[in-house]
file coords_21.txt (compact mmCIF, C-alpha atoms and all ligand atoms)
# COMPACT_ATOMS: atom_id res chain seq x y z
CA MET A 1 0.17 8.35 -7.06
CA LYS A 2 -2.74 6.86 -5.10
CA ILE A 3 -2.60 3.49 -3.37
CA LEU A 4 -5.44 1.11 -2.56
CA VAL A 5 -4.73 -0.74 0.71
CA THR A 6 -6.57 -4.04 1.14
CA THR A 7 -6.85 -5.66 4.63
CA PRO A 8 -6.05 -2.31 6.33
CA THR A 9 -7.20 -3.73 9.67
CA GLY A 10 -4.80 -6.68 9.34
CA LYS A 11 -1.41 -7.11 11.01
CA VAL A 12 0.52 -5.85 7.98
CA GLY A 13 -2.14 -3.60 6.43
CA SER A 14 -2.65 -1.55 9.62
CA GLU A 15 1.10 -0.86 9.81
CA LEU A 16 1.19 -0.05 6.09
CA VAL A 17 -1.45 2.63 6.58
CA ARG A 18 0.77 4.23 9.25
CA VAL A 19 3.90 4.05 7.05
CA LEU A 20 2.13 5.56 4.03
CA ALA A 21 0.66 8.33 6.19
CA ALA A 22 4.13 9.16 7.58
CA LYS A 23 5.49 9.30 4.02
CA GLY A 24 2.60 11.53 2.91
CA VAL A 25 1.48 9.02 0.24
CA THR A 26 -2.17 9.35 -0.84
CA ARG A 27 -4.14 6.20 -0.06
CA ARG A 28 -7.61 4.64 0.12
CA LEU A 29 -8.44 1.89 2.60
CA ALA A 30 -10.54 -1.01 1.26
CA LEU A 31 -12.31 -2.87 4.07
CA ARG A 32 -15.49 -4.76 4.85
CA ASP A 33 -16.60 -2.18 7.42
CA PRO A 34 -15.37 1.33 6.52
CA ALA A 35 -16.37 2.50 10.01
CA LYS A 36 -13.34 0.53 11.30
CA ALA A 37 -10.91 2.80 9.39
CA PRO A 38 -8.80 5.17 11.49
CA SER A 39 -10.30 8.66 11.56
CA GLY A 40 -9.14 10.91 8.75
CA GLU A 41 -8.46 8.00 6.37
CA GLU A 42 -10.36 7.72 3.08
CA ALA A 43 -12.15 4.37 3.25
CA VAL A 44 -14.41 2.38 0.95
CA ALA A 45 -16.52 -0.75 1.48
CA PHE A 46 -14.68 -3.73 0.00
CA ASP A 47 -15.15 -7.47 0.30
CA TYR A 48 -13.38 -10.20 -1.70
CA LEU A 49 -16.64 -12.15 -1.55
CA LYS A 50 -18.72 -9.23 -2.94
CA PRO A 51 -17.44 -8.40 -6.46
CA GLU A 52 -19.94 -5.56 -6.66
CA THR A 53 -17.74 -3.63 -4.17
CA TRP A 54 -14.53 -3.87 -6.23
CA SER A 55 -14.99 -1.31 -9.00
CA ALA A 56 -15.58 1.73 -6.77
CA ALA A 57 -12.57 0.74 -4.64
CA LEU A 58 -10.30 0.85 -7.70
CA GLU A 59 -11.60 4.17 -9.08
CA GLY A 60 -8.78 6.72 -9.34
CA VAL A 61 -6.03 4.57 -7.78
CA ASP A 62 -2.95 3.43 -9.69
CA ARG A 63 -1.24 1.04 -7.25
CA VAL A 64 -2.63 -1.75 -5.06
CA TYR A 65 -1.40 -3.48 -1.91
CA LEU A 66 -3.04 -6.88 -2.24
CA ALA A 67 -3.18 -9.26 0.74
CA SER A 68 -4.99 -12.56 1.07
CA VAL A 69 -7.32 -13.66 3.83
CA GLY A 70 -6.40 -16.79 5.80
CA ASP A 71 -7.54 -19.87 3.91
CA GLN A 72 -9.29 -17.92 1.14
CA PRO A 73 -9.19 -19.63 -2.30
CA ALA A 74 -7.38 -17.90 -5.17
CA ASP A 75 -10.34 -17.27 -7.47
CA PRO A 76 -11.81 -14.06 -5.94
CA GLU A 77 -8.39 -12.41 -5.83
CA LYS A 78 -7.60 -13.49 -9.39
CA ALA A 79 -10.87 -11.95 -10.58
CA PHE A 80 -10.07 -8.77 -8.63
CA VAL A 81 -6.64 -8.64 -10.32
CA ASP A 82 -8.35 -8.94 -13.73
CA LEU A 83 -10.59 -5.99 -12.92
CA ALA A 84 -7.67 -3.93 -11.58
CA VAL A 85 -5.62 -4.56 -14.74
CA SER A 86 -8.60 -3.78 -16.99
CA LYS A 87 -8.92 -0.45 -15.17
CA GLY A 88 -5.28 0.37 -15.95
CA ILE A 89 -3.67 -0.22 -12.55
CA LEU A 90 0.10 0.31 -12.89
CA ARG A 91 1.46 -1.80 -10.02
CA ILE A 92 0.43 -4.54 -7.59
CA VAL A 93 2.46 -5.30 -4.47
CA LYS A 94 1.27 -8.67 -3.21
CA LEU A 95 1.79 -10.13 0.26
CA GLY A 96 2.73 -13.82 0.02
CA ALA A 97 4.71 -16.03 2.38
CA ALA A 98 8.28 -17.32 2.47
CA GLY A 99 8.71 -20.65 0.73
CA ILE A 100 5.64 -20.60 -1.52
CA GLU A 101 7.67 -20.07 -4.72
CA ASN A 102 7.70 -23.73 -5.74
CA THR A 103 4.24 -24.64 -4.48
CA ASP A 104 0.74 -24.38 -5.89
CA VAL A 105 -0.92 -22.94 -2.77
CA PRO A 106 -3.63 -20.29 -3.41
CA LEU A 107 -1.21 -17.45 -2.47
CA ARG A 108 1.13 -18.61 -5.26
CA GLN A 109 -1.74 -19.15 -7.72
CA VAL A 110 -2.65 -15.46 -7.33
CA GLU A 111 0.99 -14.47 -7.91
CA LYS A 112 1.23 -16.58 -11.08
CA HIS A 113 -1.94 -14.91 -12.31
CA ILE A 114 -0.43 -11.47 -11.67
CA GLU A 115 2.81 -12.50 -13.47
CA SER A 116 0.74 -13.38 -16.56
CA LYS A 117 -0.76 -9.88 -16.71
CA SER A 118 0.55 -6.64 -18.12
CA VAL A 119 1.15 -4.97 -14.77
CA GLN A 120 4.19 -4.16 -12.60
CA TRP A 121 4.46 -6.43 -9.56
CA THR A 122 6.51 -7.09 -6.45
CA PHE A 123 5.85 -10.14 -4.25
CA VAL A 124 6.72 -9.73 -0.57
CA HIS A 125 7.36 -13.11 1.11
CA PRO A 126 7.76 -12.80 4.88
CA THR A 127 8.56 -15.66 7.19
CA TRP A 128 6.43 -16.06 10.37
CA PHE A 129 5.39 -12.79 12.00
CA TRP A 130 6.52 -11.82 15.52
CA GLN A 131 3.05 -10.31 15.84
CA ASN A 132 1.40 -13.76 15.94
CA PHE A 133 2.57 -13.72 19.58
CA SER A 134 0.90 -10.35 20.24
CA THR A 135 -2.39 -11.39 18.58
CA ALA A 136 -3.31 -15.09 18.23
CA HIS A 137 -1.25 -16.24 21.24
CA VAL A 138 -2.18 -13.48 23.69
CA ALA A 139 -4.77 -15.42 25.72
CA SER A 140 -2.49 -18.45 26.22
CA ILE A 141 0.54 -16.27 27.05
CA LYS A 142 -1.55 -14.45 29.66
CA SER A 143 -2.50 -17.82 31.13
CA GLY A 144 1.21 -18.72 31.47
CA ALA A 145 1.93 -21.10 28.58
CA PHE A 146 1.60 -21.19 24.81
CA ALA A 147 1.89 -24.23 22.54
CA GLU A 148 2.97 -24.85 18.96
CA PRO A 149 3.84 -28.11 17.13
CA VAL A 150 7.28 -27.02 15.86
CA GLY A 151 9.60 -29.88 16.83
CA GLY A 152 12.24 -27.64 18.42
CA ARG A 153 12.93 -25.76 15.18
CA TRP A 154 13.93 -22.09 15.05
CA THR A 155 12.39 -19.30 12.99
CA ALA A 156 13.83 -15.87 12.14
CA PHE A 157 10.52 -14.13 13.00
CA VAL A 158 9.91 -10.86 11.16
CA ASP A 159 8.12 -7.79 12.53
CA THR A 160 5.04 -6.59 10.65
CA ARG A 161 6.36 -3.02 10.98
CA ASP A 162 9.34 -4.07 8.85
CA ILE A 163 7.12 -5.94 6.38
CA ALA A 164 4.91 -2.85 5.98
CA ALA A 165 7.94 -0.60 5.50
CA VAL A 166 9.23 -2.91 2.73
CA VAL A 167 5.77 -3.05 1.11
CA ALA A 168 5.64 0.77 1.15
CA GLU A 169 9.05 0.98 -0.57
CA ALA A 170 7.92 -1.52 -3.20
CA LEU A 171 4.79 0.57 -3.81
CA VAL A 172 6.51 3.94 -4.23
CA SER A 173 9.98 3.08 -5.60
CA ASP A 174 10.73 1.52 -9.01
CA ALA A 175 13.70 -0.39 -7.56
CA TRP A 176 11.82 -3.56 -6.59
CA VAL A 177 9.56 -4.14 -9.60
CA GLY A 178 9.56 -7.78 -10.78
CA GLN A 179 11.25 -9.06 -7.60
CA ILE A 180 10.29 -11.52 -4.88
CA LEU A 181 11.43 -10.04 -1.56
CA THR A 182 11.85 -12.78 1.06
CA LEU A 183 11.86 -11.21 4.51
CA THR A 184 13.11 -12.48 7.87
CA GLY A 185 14.13 -10.88 11.11
CA PRO A 186 17.72 -10.97 12.43
CA ASP A 187 17.36 -13.57 15.20
CA LYS A 188 17.42 -17.37 14.86
CA THR A 189 14.84 -17.80 17.60
CA THR A 190 13.42 -20.97 19.09
CA ARG A 191 10.05 -20.59 20.82
CA VAL A 192 11.85 -21.46 24.08
CA GLN A 193 14.17 -18.46 23.59
CA PHE A 194 11.15 -16.26 22.95
CA ALA A 195 9.48 -17.57 26.13
CA VAL A 196 12.64 -16.89 28.17
CA GLU A 197 12.96 -13.29 26.87
CA LEU A 198 9.24 -12.69 27.35
CA SER A 199 9.40 -14.03 30.92
CA ARG A 200 12.45 -11.85 31.67
CA GLN A 201 10.82 -8.64 30.42
CA LEU A 202 7.38 -9.42 31.89
CA GLY A 203 8.82 -10.42 35.26
CA ARG A 204 6.75 -13.64 35.40
CA GLU A 205 7.20 -17.08 33.87
CA VAL A 206 5.67 -17.91 30.49
CA LYS A 207 6.31 -21.48 29.28
CA PHE A 208 6.49 -22.85 25.77
CA LEU A 209 4.97 -26.29 25.12
CA ASP A 210 6.31 -28.03 22.00
CA VAL A 211 3.27 -30.21 21.29
CA THR A 212 2.73 -32.87 18.62
CA ASP A 213 0.58 -32.36 15.54
CA GLU A 214 -2.11 -34.56 17.14
CA GLN A 215 -2.09 -32.54 20.39
CA PHE A 216 -2.29 -29.28 18.42
CA ARG A 217 -5.25 -30.51 16.37
CA ALA A 218 -7.08 -31.72 19.48
CA ALA A 219 -6.52 -28.37 21.26
CA VAL A 220 -7.85 -26.14 18.47
CA ARG A 221 -10.42 -28.41 16.76
CA ASP A 222 -13.37 -26.83 18.60
CA PHE A 223 -12.27 -23.25 17.93
CA LEU A 224 -11.03 -23.12 14.32
CA PRO A 225 -12.83 -23.82 11.04
CA ALA A 226 -11.61 -27.16 9.59
CA SER A 227 -10.04 -25.55 6.50
CA TYR A 228 -8.07 -23.06 8.63
CA LEU A 229 -6.95 -25.84 10.97
CA GLU A 230 -5.60 -27.79 7.97
CA LEU A 231 -3.77 -24.68 6.69
CA LEU A 232 -2.13 -24.11 10.09
CA ALA A 233 -1.24 -27.80 10.46
CA ALA A 234 0.42 -27.74 7.03
CA LEU A 235 2.37 -24.57 7.92
CA TYR A 236 3.59 -26.16 11.17
CA SER A 237 4.66 -29.29 9.27
CA TRP A 238 6.90 -27.00 7.15
CA VAL A 239 8.40 -25.60 10.36
CA ARG A 240 9.04 -29.14 11.72
CA ALA A 241 10.77 -29.98 8.43
CA GLY A 242 13.18 -27.06 9.00
CA ALA A 243 11.74 -24.83 6.28
CA THR A 244 11.86 -21.69 8.48
CA GLU A 245 15.51 -22.14 9.50
CA PHE A 246 17.01 -19.44 7.29
CA THR A 247 17.68 -15.70 7.36
CA THR A 248 17.84 -13.11 4.57
CA ASP A 249 19.30 -9.59 4.49
CA THR A 250 16.42 -8.24 2.39
CA VAL A 251 14.92 -5.98 5.08
CA GLU A 252 18.30 -4.26 5.50
CA ASN A 253 18.85 -4.08 1.72
CA VAL A 254 15.50 -2.38 1.17
CA LEU A 255 15.29 -0.19 4.29
CA GLY A 256 18.99 0.51 4.94
CA ARG A 257 18.68 -0.58 8.59
CA LYS A 258 18.62 -3.80 10.59
CA PRO A 259 15.27 -5.56 11.02
CA ILE A 260 13.51 -5.48 14.39
CA GLY A 261 14.59 -8.38 16.61
CA LEU A 262 13.39 -10.37 19.63
CA GLU A 263 14.26 -7.94 22.44
CA ARG A 264 12.64 -4.90 20.82
CA PHE A 265 9.55 -6.79 19.65
CA VAL A 266 8.92 -7.97 23.21
CA ALA A 267 9.65 -4.54 24.73
CA ASP A 268 7.25 -2.82 22.34
CA HIS A 269 4.34 -5.18 23.10
CA LEU A 270 4.63 -5.79 26.86
CA GLU A 271 1.29 -4.13 27.63
CA VAL A 272 -0.53 -6.63 25.37
CA TRP A 273 0.56 -9.58 27.58
CA ARG A 274 0.15 -7.95 31.01
N1 LIG B 301 0.90 -14.63 10.30
C1 LIG B 301 2.03 -15.01 9.75
O1 LIG B 301 2.99 -15.41 10.44
C2 LIG B 301 2.18 -14.93 8.25
C3 LIG B 301 3.44 -15.23 7.70
C4 LIG B 301 3.61 -15.12 6.32
C5 LIG B 301 2.54 -14.71 5.52
N2 LIG B 301 1.33 -14.44 6.11
C6 LIG B 301 0.22 -14.03 5.21
O2 LIG B 301 -0.31 -12.79 5.62
C7 LIG B 301 -1.65 -12.70 5.12
C8 LIG B 301 -2.53 -12.11 6.21
O3 LIG B 301 -2.16 -10.76 6.35
P1 LIG B 301 -2.33 -10.03 7.72
O4 LIG B 301 -1.70 -10.89 8.78
O5 LIG B 301 -1.89 -8.62 7.54
O6 LIG B 301 -3.92 -10.06 7.91
P2 LIG B 301 -4.68 -10.53 9.22
O7 LIG B 301 -4.09 -9.86 10.41
O8 LIG B 301 -4.77 -12.03 9.17
O9 LIG B 301 -6.12 -9.89 8.99
C9 LIG B 301 -7.01 -10.36 8.02
C10 LIG B 301 -7.53 -9.17 7.24
O10 LIG B 301 -8.37 -9.63 6.20
C11 LIG B 301 -9.55 -8.86 6.22
N3 LIG B 301 -10.63 -9.64 5.63
C12 LIG B 301 -11.19 -10.78 6.13
N4 LIG B 301 -12.14 -11.25 5.29
C13 LIG B 301 -12.19 -10.38 4.24
C14 LIG B 301 -12.97 -10.31 3.04
N5 LIG B 301 -13.90 -11.25 2.75
N6 LIG B 301 -12.76 -9.28 2.19
C15 LIG B 301 -11.84 -8.33 2.46
N7 LIG B 301 -11.05 -8.33 3.57
C16 LIG B 301 -11.24 -9.35 4.45
C17 LIG B 301 -9.76 -8.52 7.66
O11 LIG B 301 -10.60 -7.42 7.77
P3 LIG B 301 -11.83 -7.29 8.82
O12 LIG B 301 -11.40 -6.17 9.72
O13 LIG B 301 -12.99 -6.95 7.97
O14 LIG B 301 -11.97 -8.61 9.52
C18 LIG B 301 -8.32 -8.19 8.08
O15 LIG B 301 -7.96 -6.89 7.69
C19 LIG B 301 -2.08 -14.10 4.70
O16 LIG B 301 -2.05 -14.19 3.29
C20 LIG B 301 -0.97 -14.97 5.30
O17 LIG B 301 -0.74 -16.13 4.51
C21 LIG B 301 1.14 -14.53 7.45
call {"tool": "encode", "arguments": {"input": "coords_21.txt", "output": "structure tokens"}}
result
Amino acid sequence: MKILVTTPTGKVGSELVRVLAAKGVTRRLALRDPAKAPSGEEAVAFDYLKPETWSAALEGVDRVYLASVGDQPADPEKAFVDLAVSKGILRIVKLGAAGIENTDVPLRQVEKHIESKSVQWTFVHPTWFWQNFSTAHVASIKSGAFAEPVGGRWTAFVDTRDIAAVVAEALVSDAWVGQILTLTGPDKTTRVQFAVELSRQLGREVKFLDVTDEQFRAAVRDFLPASYLELLAALYSWVRAGATEFTTDTVENVLGRKPIGLERFVADHLEVWR
């Protein structure tokens, strides 16, 4: 068994590389700049926007972890899936997002394309990542306040370490073939609760500002590409509509242990916000 890991520098992919290494599973990292791969990892140049890089990446692998990039359209990934299947790939484990099942967003378009092919698949659908707070929100948290347009709704944030562990199981075990695994964490957390726990563990106050859609757009307009801003605004409108207010027991069913929750996520990332 040899696994191709796309987006191995991403929030989930980087954890997946660690999980596969700990399990002793043979892997190849597919990334735009192979020099960014951790030392000792087999790495190959790979870019969704450069089809000429795809064939060498797939040579000699039989399973693929496939993750999308931000607001990327479906077509490059669909073409990559076609090539993978034509090369005899056995299984694709695809990272999606909770709630996309009945939509036609690009993430779901890629999944439908995979379903139509003669290949084993598992779709992993996490809710919002805890790790957004330890990446995208770091600068604002350090400055004392972070803002999101979520209308007071709660989310059962999931840890990317748990997502990666589930992805690894789906790659190596036959138990999850043909299933959509919807992942959440254990805690029904409002952003205010997160801010309170973060403030407690950091020993200084961090505030949460529940802004409107208009305030959010005005704050990020100068920093984000328009298409990515629209994607984020749409995702936040789902949160305001209550679409993230659910929990599943899938992480525990797959891993045989409870998912990582608020207190541990904060404790494990304190240095990032100091
Ligand atoms: N954040 C959330 O709360 C959340 C929740 C549910 C689902 N998701 C889904 O998670 C996925 C993102 O996964 P992630 O968070 O692990 O990734 P990420 O942290 O957003 O990182 C993006 C990755 O994509 C790579 N990349 C960028 N452009 C590329 C290209 N043209 N060709 C190949 N690779 C490219 C980057 O590599 P470089 O090092 O080259 O930049 C990096 O590894 C998205 O599909 C998103 O919808 C996110």
call {"tool": "atom_distance", "arguments": {"input": "coords_21.txt", "atom1": "CA of Asp174 in chain A", "atom2": "CA of Ser118 in chain A"}}
result
15.9 Å
call {"tool": "residues_near_ligand", "arguments": {"input": "coords_21.txt", "ligand": "ligand LIG 301 (chain B)", "cutoff": "7 Å", "atoms": "all atoms listed in the file", "output": "number ranges by chain"}}
result
A: 6-13, 31-33, 46-49, 67-70, 95-98, 107, 125-129, 132
call {"tool": "residues_around", "arguments": {"input": "coords_21.txt", "residues": "range 185-198 of chain A", "least_positions_apart": "2", "cutoff": "6 Å", "atoms": "only C-alpha atoms", "output": "PyMOL selection string"}}
result
chain A and resi 154-158+200-202+206-208+259+261
call {"tool": "closest_residue", "arguments": {"input": "coords_21.txt", "among": "A:Ile141, A:Ala226, A:Ala164, A:Ala233", "to": "Arg204 in chain A", "atoms": "all atoms listed in the file"}}
result
A:Ile141
call {"tool": "atom_distance", "arguments": {"input": "coords_21.txt", "atom1": "CA of Ser227 in chain A", "atom2": "CA of Ser116 in chain A"}}
result
28.2 Å
call {"tool": "residues_around", "arguments": {"input": "coords_21.txt", "residues": "Ala241 in chain A", "least_positions_apart": "2", "cutoff": "9 Å", "atoms": "all atoms listed in the file", "output": "list in words"}}
result
Val150, Gly151, Arg153, Tyr236, Ser237, Trp238, Val239, Ala243 and Thr244 of chain A
call {"tool": "atom_distance", "arguments": {"input": "coords_21.txt", "atom1": "CA of Val19 in chain A", "atom2": "CA of Ile92 in chain A"}}
result
17.3 Å
call {"tool": "closest_residue", "arguments": {"input": "coords_21.txt", "among": "A:Lys142, A:Ser173, A:Glu252, A:Gly152", "to": "Arg274 in chain A", "atoms": "all atoms listed in the file"}}
result
A:Lys142
call {"tool": "closest_residue", "arguments": {"input": "coords_21.txt", "among": "A:Ala35, A:Ala22, A:Val105, A:Ala30", "to": "Val64 in chain A", "atoms": "all atoms listed in the file"}}
result
A:Ala30
call {"tool": "axis_aligned_box", "arguments": {"input": "coords_21.txt", "around": "range 243-249 of chain A", "padding_each_side": "6 Å", "output": "AutoDock Vina command-line options"}}
result
--center_x 15.5 --center_y -17.2 --center_z 7.0 --size_x 19.6 --size_y 27.2 --size_z 17.0
call {"tool": "closest_residue", "arguments": {"input": "coords_21.txt", "among": "A:Ala218, A:Leu229, A:Val172, A:Ala84", "to": "Met1 in chain A", "atoms": "only C-alpha atoms"}}
result
A:Val172
call {"tool": "closest_residue", "arguments": {"input": "coords_21.txt", "among": "A:Gly88, A:Gly99, A:Gly256, A:Gly203", "to": "Lys117 in chain A", "atoms": "only C-alpha atoms"}}
result
A:Gly88
call {"tool": "residues_around", "arguments": {"input": "coords_21.txt", "residues": "Pro34 in chain A", "least_positions_apart": "3", "cutoff": "7 Å", "atoms": "all atoms listed in the file", "output": "list in words"}}
result
Leu31, Ala37, Ala43, Val44 and Ala45 of chain A
call {"tool": "decode", "arguments": {"input": "coords_21.txt", "residues": "range 228-247 of chain A", "atoms": "N, CA, C and O atoms", "output": "compact mmCIF listing (two decimals), in the first residue's frame"}}
result
# COMPACT_ATOMS: atom_id res chain seq x y z
N TYR A 228 -12.84 34.38 -2.62
CA TYR A 228 -12.67 33.74 -1.31
C TYR A 228 -13.55 34.43 -0.27
O TYR A 228 -14.14 33.78 0.60
N LEU A 229 -13.67 35.77 -0.40
CA LEU A 229 -14.55 36.51 0.51
C LEU A 229 -15.99 35.99 0.37
O LEU A 229 -16.68 35.76 1.37
N GLU A 230 -16.43 35.79 -0.88
CA GLU A 230 -17.81 35.31 -1.10
C GLU A 230 -18.00 33.92 -0.52
O GLU A 230 -19.05 33.62 0.05
N LEU A 231 -16.97 33.05 -0.66
CA LEU A 231 -17.06 31.70 -0.09
C LEU A 231 -17.22 31.78 1.42
O LEU A 231 -18.10 31.16 2.02
N LEU A 232 -16.36 32.60 2.07
CA LEU A 232 -16.43 32.73 3.53
C LEU A 232 -17.77 33.31 3.98
O LEU A 232 -18.38 32.83 4.94
N ALA A 233 -18.23 34.34 3.24
CA ALA A 233 -19.52 34.96 3.61
C ALA A 233 -20.65 33.95 3.51
O ALA A 233 -21.54 33.90 4.37
N ALA A 234 -20.60 33.09 2.49
CA ALA A 234 -21.64 32.06 2.34
C ALA A 234 -21.56 31.05 3.50
O ALA A 234 -22.59 30.64 4.06
N LEU A 235 -20.32 30.67 3.86
CA LEU A 235 -20.16 29.70 4.97
C LEU A 235 -20.70 30.29 6.28
O LEU A 235 -21.36 29.60 7.05
N TYR A 236 -20.41 31.58 6.51
CA TYR A 236 -20.92 32.22 7.74
C TYR A 236 -22.44 32.34 7.71
O TYR A 236 -23.09 32.28 8.77
N SER A 237 -23.02 32.52 6.53
CA SER A 237 -24.49 32.60 6.47
C SER A 237 -25.09 31.24 6.86
O SER A 237 -26.15 31.19 7.48
N TRP A 238 -24.41 30.13 6.53
CA TRP A 238 -24.86 28.81 6.99
C TRP A 238 -24.81 28.74 8.52
O TRP A 238 -25.72 28.21 9.15
N VAL A 239 -23.72 29.28 9.09
CA VAL A 239 -23.61 29.25 10.56
C VAL A 239 -24.76 30.04 11.17
O VAL A 239 -25.45 29.57 12.10
N ARG A 240 -25.02 31.26 10.64
CA ARG A 240 -26.11 32.11 11.19
C ARG A 240 -27.47 31.43 11.06
O ARG A 240 -28.37 31.70 11.84
N ALA A 241 -27.61 30.55 10.07
CA ALA A 241 -28.87 29.84 9.88
C ALA A 241 -28.96 28.60 10.79
O ALA A 241 -29.95 27.87 10.75
N GLY A 242 -27.93 28.37 11.60
CA GLY A 242 -27.96 27.24 12.55
C GLY A 242 -27.42 25.94 11.99
O GLY A 242 -27.51 24.89 12.64
N ALA A 243 -26.83 25.99 10.79
CA ALA A 243 -26.42 24.74 10.13
C ALA A 243 -25.26 24.02 10.83
O ALA A 243 -25.01 22.85 10.55
N THR A 244 -24.54 24.71 11.74
CA THR A 244 -23.44 24.03 12.43
C THR A 244 -23.86 23.53 13.82
O THR A 244 -23.03 22.99 14.55
N GLU A 245 -25.13 23.72 14.17
CA GLU A 245 -25.56 23.35 15.53
C GLU A 245 -25.98 21.88 15.59
O GLU A 245 -27.16 21.55 15.74
N PHE A 246 -24.99 21.00 15.45
CA PHE A 246 -25.23 19.56 15.58
C PHE A 246 -23.92 18.89 16.01
O PHE A 246 -22.84 19.47 15.84
N THR A 247 -24.05 17.69 16.59
CA THR A 247 -22.87 16.88 16.88
C THR A 247 -23.09 15.49 16.30
O THR A 247 -24.23 15.06 16.10
